[in-house]
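Data block for my_file-v7.tsv (TSV, C-alpha atoms):
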```
chain	number	residue	atom	x	y	z
A	11	MET	CA	0.00	0.00	0.00
A	12	LEU	CA	1.15	3.52	-0.83
A	13	LEU	CA	4.21	1.95	-2.43
A	14	GLU	CA	4.67	4.48	-5.21
A	15	GLU	CA	4.16	7.39	-2.84
A	16	ALA	CA	6.63	5.93	-0.34
A	17	LEU	CA	9.27	5.28	-2.98
A	18	GLY	CA	8.80	8.75	-4.43
A	19	LEU	CA	9.65	10.39	-1.12
A	20	LEU	CA	12.24	7.86	0.04
A	21	ASP	CA	14.04	8.25	-3.28
A	22	PRO	CA	16.21	5.09	-2.93
A	23	ARG	CA	19.34	5.47	-5.07
A	24	PRO	CA	21.80	3.02	-6.64
A	25	GLY	CA	24.36	1.70	-4.18
A	26	GLU	CA	22.51	2.77	-1.03
A	27	VAL	CA	21.70	0.73	2.08
A	28	ALA	CA	17.95	0.19	2.44
A	29	VAL	CA	16.10	-1.32	5.40
A	30	ASP	CA	12.63	-2.85	5.15
A	31	CYS	CA	11.57	-3.09	8.80
A	32	THR	CA	8.46	-5.12	7.98
A	33	ALA	CA	9.25	-7.52	5.15
A	34	GLY	CA	5.66	-8.81	4.94
A	35	SER	CA	4.98	-10.47	1.60
A	36	GLY	CA	8.15	-8.99	0.11
A	37	GLY	CA	6.69	-6.42	-2.27
A	38	HIS	CA	8.30	-3.39	-0.67
A	39	SER	CA	11.64	-5.15	-0.29
A	40	ALA	CA	11.61	-6.06	-3.99
A	41	ALA	CA	10.83	-2.47	-4.98
A	42	LEU	CA	13.65	-1.15	-2.79
A	43	ALA	CA	16.05	-3.72	-4.27
A	44	ARG	CA	15.25	-2.63	-7.81
A	45	ALA	CA	15.91	0.99	-6.89
A	46	ILE	CA	19.24	0.50	-5.09
A	47	GLY	CA	20.48	-1.87	-7.78
A	48	PRO	CA	23.24	-4.51	-7.71
A	49	ASP	CA	25.62	-2.23	-5.80
A	50	GLY	CA	23.08	-1.64	-3.03
A	51	ARG	CA	22.46	-3.55	0.16
A	52	LEU	CA	19.04	-4.52	1.44
A	53	ILE	CA	18.17	-5.52	5.00
A	54	SER	CA	14.73	-7.12	5.45
A	55	ILE	CA	13.40	-7.70	8.95
A	56	ASP	CA	10.31	-9.56	10.11
A	57	LEU	CA	9.16	-11.70	13.03
A	58	ASP	CA	7.28	-14.09	10.75
A	59	PRO	CA	9.42	-16.77	9.08
A	60	GLN	CA	6.82	-17.19	6.34
A	61	SER	CA	7.10	-13.51	5.48
A	62	LEU	CA	10.87	-13.78	5.25
A	63	ALA	CA	10.55	-16.84	3.00
A	64	SER	CA	8.22	-14.89	0.72
A	65	THR	CA	10.65	-11.98	0.64
A	66	ALA	CA	13.54	-14.31	-0.21
A	67	GLN	CA	11.59	-15.54	-3.23
A	68	HIS	CA	11.19	-11.95	-4.41
A	69	MET	CA	14.94	-11.48	-4.07
A	70	GLN	CA	15.86	-14.39	-6.34
A	71	GLY	CA	17.83	-13.09	-9.27
A	72	TRP	CA	18.71	-9.81	-7.59
A	73	ALA	CA	22.47	-9.29	-7.78
A	74	GLY	CA	22.81	-6.97	-4.77
A	75	GLN	CA	23.61	-7.94	-1.19
A	76	PHE	CA	20.54	-9.14	0.70
A	77	VAL	CA	20.32	-9.83	4.45
A	78	SER	CA	17.22	-11.44	5.93
A	79	ILE	CA	16.74	-11.10	9.71
A	80	ARG	CA	14.05	-12.81	11.76
A	81	ASP	CA	13.49	-10.35	14.56
A	82	SER	CA	11.42	-7.35	15.60
A	83	PHE	CA	12.31	-3.94	14.21
A	84	VAL	CA	12.72	-2.98	17.87
A	85	ARG	CA	16.35	-4.08	17.37
A	86	VAL	CA	16.96	-2.61	13.90
A	87	ALA	CA	19.70	-0.25	15.12
A	88	GLN	CA	21.48	-3.09	16.88
A	89	HIS	CA	21.52	-5.24	13.75
A	90	LEU	CA	22.93	-2.49	11.56
A	91	VAL	CA	25.61	-1.46	14.05
A	92	GLN	CA	26.68	-5.09	14.42
A	93	ARG	CA	27.13	-5.27	10.65
A	94	GLN	CA	28.88	-1.88	10.56
A	95	LEU	CA	26.19	-0.53	8.26
A	96	ARG	CA	24.40	2.80	8.11
A	97	ALA	CA	21.01	3.06	6.46
A	98	ASP	CA	20.13	5.55	3.75
A	99	VAL	CA	16.52	4.41	3.42
A	100	VAL	CA	14.23	3.00	6.12
A	101	LEU	CA	10.66	1.82	5.49
A	102	ALA	CA	8.18	0.39	7.99
A	103	ASP	CA	4.76	-0.74	6.73
A	104	LEU	CA	2.88	-1.49	9.94
A	105	GLY	CA	0.13	-4.00	10.52
A	106	PHE	CA	-0.32	-7.50	9.20
A	107	SER	CA	0.34	-8.62	5.63
A	108	SER	CA	-2.23	-9.90	3.16
A	109	GLY	CA	-0.67	-13.37	3.45
A	110	GLN	CA	-1.23	-13.41	7.20
A	111	MET	CA	-4.77	-12.12	6.81
A	112	HIS	CA	-5.78	-14.79	4.29
A	113	GLU	CA	-4.29	-17.69	6.26
A	114	ALA	CA	-7.11	-18.84	8.53
A	115	GLY	CA	-4.75	-20.61	10.91
A	116	ARG	CA	-3.16	-17.31	11.94
A	117	GLY	CA	-6.42	-15.93	13.36
A	118	PHE	CA	-6.05	-12.38	12.06
A	119	SER	CA	-9.24	-12.24	10.03
A	120	PHE	CA	-12.83	-12.30	11.23
A	121	ARG	CA	-13.97	-13.43	7.76
A	122	THR	CA	-12.58	-16.98	8.04
A	123	ASP	CA	-12.80	-19.35	10.98
A	124	GLY	CA	-9.57	-20.39	12.65
A	125	PRO	CA	-7.77	-20.49	15.98
A	126	LEU	CA	-7.51	-17.18	17.86
A	127	ASP	CA	-3.76	-16.76	17.50
A	128	MET	CA	-2.88	-13.33	16.01
A	129	ARG	CA	0.86	-13.60	16.71
A	130	TYR	CA	3.27	-12.16	14.14
A	131	ASP	CA	5.93	-14.36	15.71
A	132	PRO	CA	4.61	-17.95	15.77
A	133	ASP	CA	6.88	-18.57	18.77
A	134	GLY	CA	5.50	-15.62	20.74
A	135	PRO	CA	4.35	-16.35	24.30
A	136	VAL	CA	0.75	-15.05	24.21
A	137	THR	CA	-2.14	-15.61	21.78
A	138	ALA	CA	-5.42	-13.75	21.50
A	139	ALA	CA	-7.17	-16.76	23.04
A	140	ASP	CA	-4.81	-16.51	26.03
A	141	LEU	CA	-5.81	-12.88	26.57
A	142	LEU	CA	-9.51	-13.67	26.34
A	143	ARG	CA	-9.04	-16.42	28.91
A	144	SER	CA	-6.86	-14.59	31.42
A	145	CYS	CA	-7.90	-10.91	31.37
A	146	THR	CA	-10.51	-9.59	33.76
A	147	GLU	CA	-13.62	-7.87	32.44
A	148	GLU	CA	-12.12	-4.48	33.32
A	149	GLU	CA	-8.85	-5.34	31.55
A	150	LEU	CA	-10.67	-6.53	28.44
A	151	ALA	CA	-12.82	-3.40	28.34
A	152	ASP	CA	-9.75	-1.18	28.68
A	153	LEU	CA	-7.85	-3.13	26.01
A	154	ILE	CA	-10.68	-3.01	23.47
A	155	ARG	CA	-11.42	0.66	24.18
A	156	ARG	CA	-7.79	1.81	24.15
A	157	TYR	CA	-6.42	-0.15	21.20
A	158	GLY	CA	-9.59	-0.60	19.19
A	159	GLU	CA	-11.24	2.73	20.04
A	160	GLU	CA	-14.43	0.70	20.35
A	161	PRO	CA	-17.31	2.65	21.97
A	162	LEU	CA	-19.06	-0.58	23.00
A	163	ALA	CA	-15.95	-1.97	24.74
A	164	PRO	CA	-17.56	-2.42	28.19
A	165	LYS	CA	-20.53	-4.25	26.73
A	166	ILE	CA	-18.29	-6.50	24.59
A	167	ALA	CA	-16.03	-7.26	27.56
A	168	ARG	CA	-19.02	-8.17	29.72
A	169	LYS	CA	-20.32	-10.51	27.03
A	170	LEU	CA	-16.89	-12.12	26.60
A	171	VAL	CA	-16.62	-12.88	30.30
A	172	GLN	CA	-20.18	-14.25	30.44
A	173	THR	CA	-19.52	-16.50	27.44
A	174	ARG	CA	-16.22	-17.91	28.65
A	175	LYS	CA	-17.88	-19.14	31.84
A	176	ASP	CA	-19.65	-21.76	29.72
A	177	GLN	CA	-16.93	-22.41	27.12
A	178	PRO	CA	-13.49	-21.03	26.25
A	179	ILE	CA	-13.37	-18.58	23.33
A	180	GLN	CA	-10.76	-20.16	21.08
A	181	THR	CA	-11.76	-19.46	17.48
A	182	THR	CA	-12.34	-16.40	15.35
A	183	ALA	CA	-15.91	-17.48	14.62
A	184	GLN	CA	-16.68	-17.68	18.34
A	185	LEU	CA	-15.29	-14.20	18.92
A	186	VAL	CA	-17.25	-12.74	16.01
A	187	GLN	CA	-20.45	-14.25	17.36
A	188	VAL	CA	-19.87	-12.84	20.85
A	189	VAL	CA	-19.15	-9.35	19.51
A	190	GLN	CA	-22.20	-9.41	17.25
A	191	GLU	CA	-24.37	-10.45	20.19
A	192	ALA	CA	-22.95	-7.57	22.22
A	193	TYR	CA	-23.75	-5.17	19.37
A	194	GLY	CA	-27.28	-6.46	19.06
A	195	ARG	CA	-29.37	-4.47	16.57
A	196	ARG	CA	-26.51	-2.02	16.06
A	197	ALA	CA	-24.62	-4.69	14.12
A	198	ARG	CA	-26.92	-4.23	11.13
A	199	LYS	CA	-26.36	-0.47	11.09
A	200	SER	CA	-22.60	-0.47	11.68
A	201	ARG	CA	-20.48	0.91	8.82
A	202	LEU	CA	-17.63	-1.40	9.87
A	203	HIS	CA	-18.02	-5.08	10.59
A	204	PRO	CA	-18.82	-5.17	14.33
A	205	ALA	CA	-15.75	-7.32	15.08
A	206	THR	CA	-13.27	-5.01	13.31
A	207	ARG	CA	-12.20	-2.95	16.31
A	208	THR	CA	-12.11	-5.86	18.75
A	209	PHE	CA	-9.91	-7.94	16.43
A	210	MET	CA	-7.60	-4.97	15.90
A	211	ALA	CA	-7.32	-4.33	19.63
A	212	LEU	CA	-6.43	-7.93	20.40
A	213	ARG	CA	-3.86	-8.05	17.58
A	214	ILE	CA	-2.18	-4.89	18.84
A	215	ALA	CA	-2.12	-6.23	22.40
A	216	VAL	CA	-0.83	-9.69	21.46
A	217	ASN	CA	2.09	-8.21	19.51
A	218	ASP	CA	2.67	-5.17	21.75
A	219	GLU	CA	2.62	-3.13	18.55
A	220	LEU	CA	2.49	0.38	19.97
A	221	ALA	CA	5.45	-0.18	22.29
A	222	ALA	CA	7.41	-1.64	19.38
A	223	LEU	CA	6.62	1.40	17.23
A	224	GLU	CA	7.64	3.75	20.04
A	225	ALA	CA	10.94	1.89	20.26
A	226	LEU	CA	11.50	2.16	16.51
A	227	MET	CA	10.86	5.89	16.50
A	228	ASP	CA	13.16	6.37	19.49
A	229	GLN	CA	15.87	4.57	17.52
A	230	VAL	CA	15.34	6.92	14.58
A	231	ILE	CA	15.77	9.96	16.81
A	232	ASP	CA	18.77	8.42	18.57
A	233	GLY	CA	20.30	7.48	15.21
A	234	ALA	CA	19.77	11.02	13.95
A	235	ALA	CA	21.54	12.39	17.01
A	236	LYS	CA	24.51	10.07	16.38
A	237	VAL	CA	25.00	10.69	12.67
A	238	GLY	CA	28.74	10.54	12.04
A	239	GLU	CA	29.40	9.09	15.50
A	240	GLY	CA	28.89	5.39	14.89
A	241	GLY	CA	25.11	5.45	14.69
A	242	TRP	CA	22.96	3.40	12.32
A	243	LEU	CA	21.71	6.19	10.04
A	244	ASN	CA	23.60	8.15	7.42
A	245	SER	CA	23.21	11.90	7.15
A	246	GLY	CA	20.42	12.52	4.67
A	247	ALA	CA	18.74	9.19	5.39
A	248	ARG	CA	15.02	9.04	4.59
A	249	VAL	CA	12.58	7.32	6.95
A	250	ALA	CA	9.02	6.39	5.99
A	251	VAL	CA	6.29	4.82	8.12
A	252	ILE	CA	2.93	3.58	6.83
A	253	SER	CA	0.43	3.26	9.67
A	254	PHE	CA	-3.16	2.01	9.81
A	255	HIS	CA	-4.39	3.24	13.16
A	256	SER	CA	-4.78	6.71	14.67
A	257	LEU	CA	-2.70	5.71	17.69
A	258	GLU	CA	0.13	4.58	15.41
A	259	ASP	CA	-0.03	7.70	13.29
A	260	ARG	CA	0.08	9.85	16.43
A	261	ILE	CA	3.29	8.13	17.57
A	262	VAL	CA	4.95	8.66	14.18
A	263	LYS	CA	3.83	12.28	13.92
A	264	ARG	CA	5.05	13.07	17.42
A	265	ALA	CA	8.44	11.48	16.75
A	266	PHE	CA	8.97	13.33	13.48
A	267	VAL	CA	8.01	16.61	15.17
A	268	ARG	CA	10.63	15.91	17.85
A	269	LEU	CA	13.14	15.16	15.10
A	270	ALA	CA	12.48	18.47	13.36
A	271	GLU	CA	12.23	20.60	16.49
A	272	GLY	CA	15.50	19.13	17.75
A	273	GLY	CA	17.26	20.16	14.55
A	274	LEU	CA	17.96	16.52	13.72
A	275	GLY	CA	15.94	16.25	10.53
A	276	THR	CA	13.14	17.52	8.34
A	277	ARG	CA	9.52	16.43	7.99
A	278	LEU	CA	8.65	15.89	4.34
A	279	THR	CA	4.99	15.31	5.15
A	280	LYS	CA	3.38	17.78	7.53
A	281	ARG	CA	0.14	15.92	6.86
A	282	PRO	CA	-0.01	12.18	6.14
A	283	ILE	CA	-0.33	10.95	2.58
A	284	THR	CA	-3.35	8.72	2.05
A	285	ALA	CA	-4.28	6.28	-0.68
A	286	GLY	CA	-6.08	7.41	-3.80
A	287	ALA	CA	-9.49	6.20	-4.92
A	288	ASP	CA	-8.07	3.61	-7.32
A	289	GLU	CA	-5.90	1.96	-4.66
A	290	VAL	CA	-8.75	1.93	-2.15
A	291	ALA	CA	-11.03	0.32	-4.74
A	292	ALA	CA	-8.42	-2.37	-5.41
A	293	ASN	CA	-7.60	-2.88	-1.73
A	294	PRO	CA	-10.12	-1.60	0.86
A	295	ARG	CA	-7.50	-1.89	3.63
A	296	ALA	CA	-5.67	1.01	2.00
A	297	ARG	CA	-8.45	3.34	3.13
A	298	SER	CA	-6.91	3.63	6.60
A	299	ALA	CA	-3.25	3.75	5.48
A	300	LYS	CA	-1.27	6.90	6.31
A	301	LEU	CA	2.26	7.64	5.14
A	302	ARG	CA	4.66	9.99	6.90
A	303	VAL	CA	8.24	10.62	5.81
A	304	ALA	CA	11.18	12.50	7.33
A	305	THR	CA	14.87	12.98	6.57
A	306	VAL	CA	17.74	12.71	9.01
A	307	GLY	CA	20.17	15.65	9.05
A	308	GLY	CA	21.65	16.69	5.71
A	309	PRO	CA	19.94	18.85	3.09
A	310	LYS	CA	16.25	18.43	2.41
A	311	PRO	CA	15.84	16.36	-0.79
A	312	MET	CA	13.52	17.45	-3.57
A	313	MET	CA	10.01	16.07	-3.06
A	314	LYS	CA	8.80	13.87	-5.88
A	315	VAL	CA	5.23	13.35	-4.65
A	316	ALA	CA	2.84	16.04	-3.50
A	317	PRO	CA	1.23	15.08	-0.16
A	318	THR	CA	-2.50	14.43	-0.21
A	319	GLY	CA	-5.01	13.60	2.44
A	320	SER	CA	-5.49	15.24	5.80
```
Show the structure stored in the file as C-alpha cells.
Amino acid sequence: MLLEEALGLLDPRPGEVAVDCTAGSGGHSAALARAIGPDGRLISIDLDPQSLASTAQHMQGWAGQFVSIRDSFVRVAQHLVQRQLRADVVLADLGFSSGQMHEAGRGFSFRTDGPLDMRYDPDGPVTAADLLRSCTEEELADLIRRYGEEPLAPKIARKLVQTRKDQPIQTTAQLVQVVQEAYGRRARKSRLHPATRTFMALRIAVNDELAALEALMDQVIDGAAKVGEGGWLNSGARVAVISFHSLEDRIVKRAFVRLAEGGLGTRLTKRPITAGADEVAANPRARSAKLRVATVGGPKPMMKVAPTGS
C-alpha cells in the first residue's frame, strides 16, 4: 500500500543501504532492491518466518547484497551497528500482511474461521485466546477501548466474560459471534463489521505493537543524534512509516516533530499521505493507510510526490 508514494519520497538510489523493517509479503523489499540496484544492500526484517521466506523468493535473481533477519524492528539499530552498516533508506509498513490475513490458521481475520492466535511471531508467548481467557472484564474493556477505540468496549467485555464461563473462546468465529451479540441491533447499522475494532485491539495487544513502534521511533531519533558518531543512520537518510491506526499515526507524527524541532531532521509530510481512490477500490484496507516521511540531518531532498489527504 502507498508503495509508489513511499518510494517517491524515500528516493532510494543506486548503491545505497535500504532497510525494510516489515518484510511482509516482500513487495516493498523487492521495490527497494530494484531501486538501489546490484551495488546496493538490502536488510529485510520480520518476526514471521513465512514472510521472510516470501521476501527471499522476491529477491531471487537480484544481484545486490541481501540480508534477511528474523526479529522485531525494535532491534533494527542493533543489527545495523553489528554489521557496521548505516542506512540511507528505512521503510516500515505497519500492521499484518495480506498473506497473514488470508491464512485462517493465523487468526487475524474475522472473515474466516480459525484459531484465535494473532501472533506475528509464531513462537511468541501469548495468543489472542490466552488474553480472552486470562484478562478480567475491566482489563478486556480497557484493552478493546484503548487499542480498538471501540465505543461498546464495556458491553463487549461483559459478554466475553459471560460466554467464557460456559466455554473457552478459542476461534475467530466464536469471537465474532460474541461481539455481534454484544452489538445487538446495532450490528446491522454499523459501517464497519462489528468485530473489526475488537480484532484490531487484540492483535495490537498480542504483539505489543504500539510499544514496538515507540521503540523504533526512538531509535530513529537516537540514530539522527549520532550521525557521524557510529550510529545506524547516514546523514540525509530518509525514513518512511505507513500506519493504519490513529494511535500509530500519532506516535509517528510526534516522533517526526521531535526530530524536526530538535534540529535533527526535516519532515517531508506535515500531513499524512493517504491512498487514492483507485488503490482503495483495489484494496479496501488502504483506506486507513497513512504515510509519513522524514529525513535525518543533511539537506532536504527534492520532493517527488505532493502530499495528499489530511
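The shortest atom-to-atom distance to Ala234 in chain A, with all atoms listed in the file taken into account, belongs to A:Arg96 out of A:Arg96, A:His38, A:Lys169, A:Lys175.
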Each residue of range 72-160 of chain A lying at most 8 Å from range 237-249 of chain A should get a row with its shortest atom-to-atom pair and the distance in Å to one decimal, counting all atoms listed in the file; could you produce that, ordered by chain and increasing number, as JSON lines?
```
{"residue": "A:Ala87", "atom": "CA", "partner": "A:Trp242", "partner_atom": "CA", "distance": 5.6}
{"residue": "A:Leu90", "atom": "CA", "partner": "A:Trp242", "partner_atom": "CA", "distance": 5.9}
{"residue": "A:Val91", "atom": "CA", "partner": "A:Trp242", "partner_atom": "CA", "distance": 5.8}
{"residue": "A:Leu95", "atom": "CA", "partner": "A:Trp242", "partner_atom": "CA", "distance": 6.5}
{"residue": "A:Arg96", "atom": "CA", "partner": "A:Trp242", "partner_atom": "CA", "distance": 4.5}
{"residue": "A:Ala97", "atom": "CA", "partner": "A:Leu243", "partner_atom": "CA", "distance": 4.8}
{"residue": "A:Asp98", "atom": "CA", "partner": "A:Ala247", "partner_atom": "CA", "distance": 4.2}
{"residue": "A:Val99", "atom": "CA", "partner": "A:Arg248", "partner_atom": "CA", "distance": 5.0}
{"residue": "A:Val100", "atom": "CA", "partner": "A:Val249", "partner_atom": "CA", "distance": 4.7}
{"residue": "A:Leu101", "atom": "CA", "partner": "A:Val249", "partner_atom": "CA", "distance": 6.0}
```
Give the answer as one residue: which of A:Leu126, A:Ala16, A:Leu185, A:Ala43 has the shortest atom-to-atom distance to Ala139 in chain A, using only C-alpha atoms?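 Of all the options, A:Leu126 lies closest to Ala139 in chain A.
CA of His89 in chain A is found 15.4 Å from CA of Asp228 in chain A.
For the pair CA of Val29 in chain A and CA of Leu52 in chain A, the separation is 5.9 Å.
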Any idea what's packed within 12 Å of range 202-205 of chain A, counting only C-alpha atoms, ignoring anything in its chain fewer than 3 positions away? Could you give it as a ChimeraX atom specification? /A:118-121,154,158,160-163,166,182-199,208-212,294-295
Could you dump the residues just selected with C-alpha atoms as a PDB file, in the frame of the given file?
```
ATOM      1  CA  PHE A 118      -6.050 -12.380  12.060  1.00  0.00           C
ATOM      2  CA  SER A 119      -9.240 -12.240  10.030  1.00  0.00           C
ATOM      3  CA  PHE A 120     -12.830 -12.300  11.230  1.00  0.00           C
ATOM      4  CA  ARG A 121     -13.970 -13.430   7.760  1.00  0.00           C
ATOM      5  CA  ILE A 154     -10.680  -3.010  23.470  1.00  0.00           C
ATOM      6  CA  GLY A 158      -9.590  -0.600  19.190  1.00  0.00           C
ATOM      7  CA  GLU A 160     -14.430   0.700  20.350  1.00  0.00           C
ATOM      8  CA  PRO A 161     -17.310   2.650  21.970  1.00  0.00           C
ATOM      9  CA  LEU A 162     -19.060  -0.580  23.000  1.00  0.00           C
ATOM     10  CA  ALA A 163     -15.950  -1.970  24.740  1.00  0.00           C
ATOM     11  CA  ILE A 166     -18.290  -6.500  24.590  1.00  0.00           C
ATOM     12  CA  THR A 182     -12.340 -16.400  15.350  1.00  0.00           C
ATOM     13  CA  ALA A 183     -15.910 -17.480  14.620  1.00  0.00           C
ATOM     14  CA  GLN A 184     -16.680 -17.680  18.340  1.00  0.00           C
ATOM     15  CA  LEU A 185     -15.290 -14.200  18.920  1.00  0.00           C
ATOM     16  CA  VAL A 186     -17.250 -12.740  16.010  1.00  0.00           C
ATOM     17  CA  GLN A 187     -20.450 -14.250  17.360  1.00  0.00           C
ATOM     18  CA  VAL A 188     -19.870 -12.840  20.850  1.00  0.00           C
ATOM     19  CA  VAL A 189     -19.150  -9.350  19.510  1.00  0.00           C
ATOM     20  CA  GLN A 190     -22.200  -9.410  17.250  1.00  0.00           C
ATOM     21  CA  GLU A 191     -24.370 -10.450  20.190  1.00  0.00           C
ATOM     22  CA  ALA A 192     -22.950  -7.570  22.220  1.00  0.00           C
ATOM     23  CA  TYR A 193     -23.750  -5.170  19.370  1.00  0.00           C
ATOM     24  CA  GLY A 194     -27.280  -6.460  19.060  1.00  0.00           C
ATOM     25  CA  ARG A 195     -29.370  -4.470  16.570  1.00  0.00           C
ATOM     26  CA  ARG A 196     -26.510  -2.020  16.060  1.00  0.00           C
ATOM     27  CA  ALA A 197     -24.620  -4.690  14.120  1.00  0.00           C
ATOM     28  CA  ARG A 198     -26.920  -4.230  11.130  1.00  0.00           C
ATOM     29  CA  LYS A 199     -26.360  -0.470  11.090  1.00  0.00           C
ATOM     30  CA  THR A 208     -12.110  -5.860  18.750  1.00  0.00           C
ATOM     31  CA  PHE A 209      -9.910  -7.940  16.430  1.00  0.00           C
ATOM     32  CA  MET A 210      -7.600  -4.970  15.900  1.00  0.00           C
ATOM     33  CA  ALA A 211      -7.320  -4.330  19.630  1.00  0.00           C
ATOM     34  CA  LEU A 212      -6.430  -7.930  20.400  1.00  0.00           C
ATOM     35  CA  PRO A 294     -10.120  -1.600   0.860  1.00  0.00           C
ATOM     36  CA  ARG A 295      -7.500  -1.890   3.630  1.00  0.00           C
TER      37      ARG A 295
END
```
One decimal, in Å: what's the spacing between CA of Gln92 in chain A and CA of Ile252 in chain A?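 Interatomic distance, CA of Gln92 in chain A to CA of Ile252 in chain A: 26.4 Å.
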Would you mind writing range 89-103 of chain A with N, CA and C atoms, as an mmCIF file, in the coordinates of the input?
```cif
data_model
loop_
_atom_site.group_PDB
_atom_site.id
_atom_site.type_symbol
_atom_site.label_atom_id
_atom_site.label_comp_id
_atom_site.auth_asym_id
_atom_site.auth_seq_id
_atom_site.Cartn_x
_atom_site.Cartn_y
_atom_site.Cartn_z
ATOM 1 N N HIS A 89 21.103 -4.376 14.865
ATOM 2 C CA HIS A 89 21.520 -5.240 13.750
ATOM 3 C C HIS A 89 22.411 -4.490 12.764
ATOM 4 N N LEU A 90 22.108 -3.233 12.511
ATOM 5 C CA LEU A 90 22.930 -2.490 11.560
ATOM 6 C C LEU A 90 24.296 -2.153 12.151
ATOM 7 N N VAL A 91 24.320 -1.769 13.412
ATOM 8 C CA VAL A 91 25.610 -1.460 14.050
ATOM 9 C C VAL A 91 26.489 -2.690 14.089
ATOM 10 N N GLN A 92 25.906 -3.846 14.398
ATOM 11 C CA GLN A 92 26.680 -5.090 14.420
ATOM 12 C C GLN A 92 27.311 -5.390 13.067
ATOM 13 N N ARG A 93 26.627 -5.013 12.005
ATOM 14 C CA ARG A 93 27.130 -5.270 10.650
ATOM 15 C C ARG A 93 27.918 -4.075 10.091
ATOM 16 N N GLN A 94 28.132 -3.088 10.950
ATOM 17 C CA GLN A 94 28.880 -1.880 10.560
ATOM 18 C C GLN A 94 28.257 -1.227 9.314
ATOM 19 N N LEU A 95 26.934 -1.138 9.357
ATOM 20 C CA LEU A 95 26.190 -0.530 8.260
ATOM 21 C C LEU A 95 25.446 0.703 8.753
ATOM 22 N N ARG A 96 25.223 1.638 7.820
ATOM 23 C CA ARG A 96 24.400 2.800 8.110
ATOM 24 C C ARG A 96 23.352 2.908 7.012
ATOM 25 N N ALA A 97 22.118 3.059 7.422
ATOM 26 C CA ALA A 97 21.010 3.060 6.460
ATOM 27 C C ALA A 97 20.842 4.411 5.793
ATOM 28 N N ASP A 98 20.509 4.363 4.515
ATOM 29 C CA ASP A 98 20.130 5.550 3.750
ATOM 30 C C ASP A 98 18.621 5.647 3.599
ATOM 31 N N VAL A 99 17.970 4.492 3.624
ATOM 32 C CA VAL A 99 16.520 4.410 3.420
ATOM 33 C C VAL A 99 15.941 3.444 4.442
ATOM 34 N N VAL A 100 14.897 3.857 5.137
ATOM 35 C CA VAL A 100 14.230 3.000 6.120
ATOM 36 C C VAL A 100 12.725 3.060 5.867
ATOM 37 N N LEU A 101 12.105 1.897 5.731
ATOM 38 C CA LEU A 101 10.660 1.820 5.490
ATOM 39 C C LEU A 101 10.035 0.841 6.479
ATOM 40 N N ALA A 102 8.949 1.265 7.110
ATOM 41 C CA ALA A 102 8.180 0.390 7.990
ATOM 42 C C ALA A 102 6.711 0.469 7.588
ATOM 43 N N ASP A 103 6.175 -0.633 7.105
ATOM 44 C CA ASP A 103 4.760 -0.740 6.730
ATOM 45 C C ASP A 103 4.084 -1.541 7.834
#
```
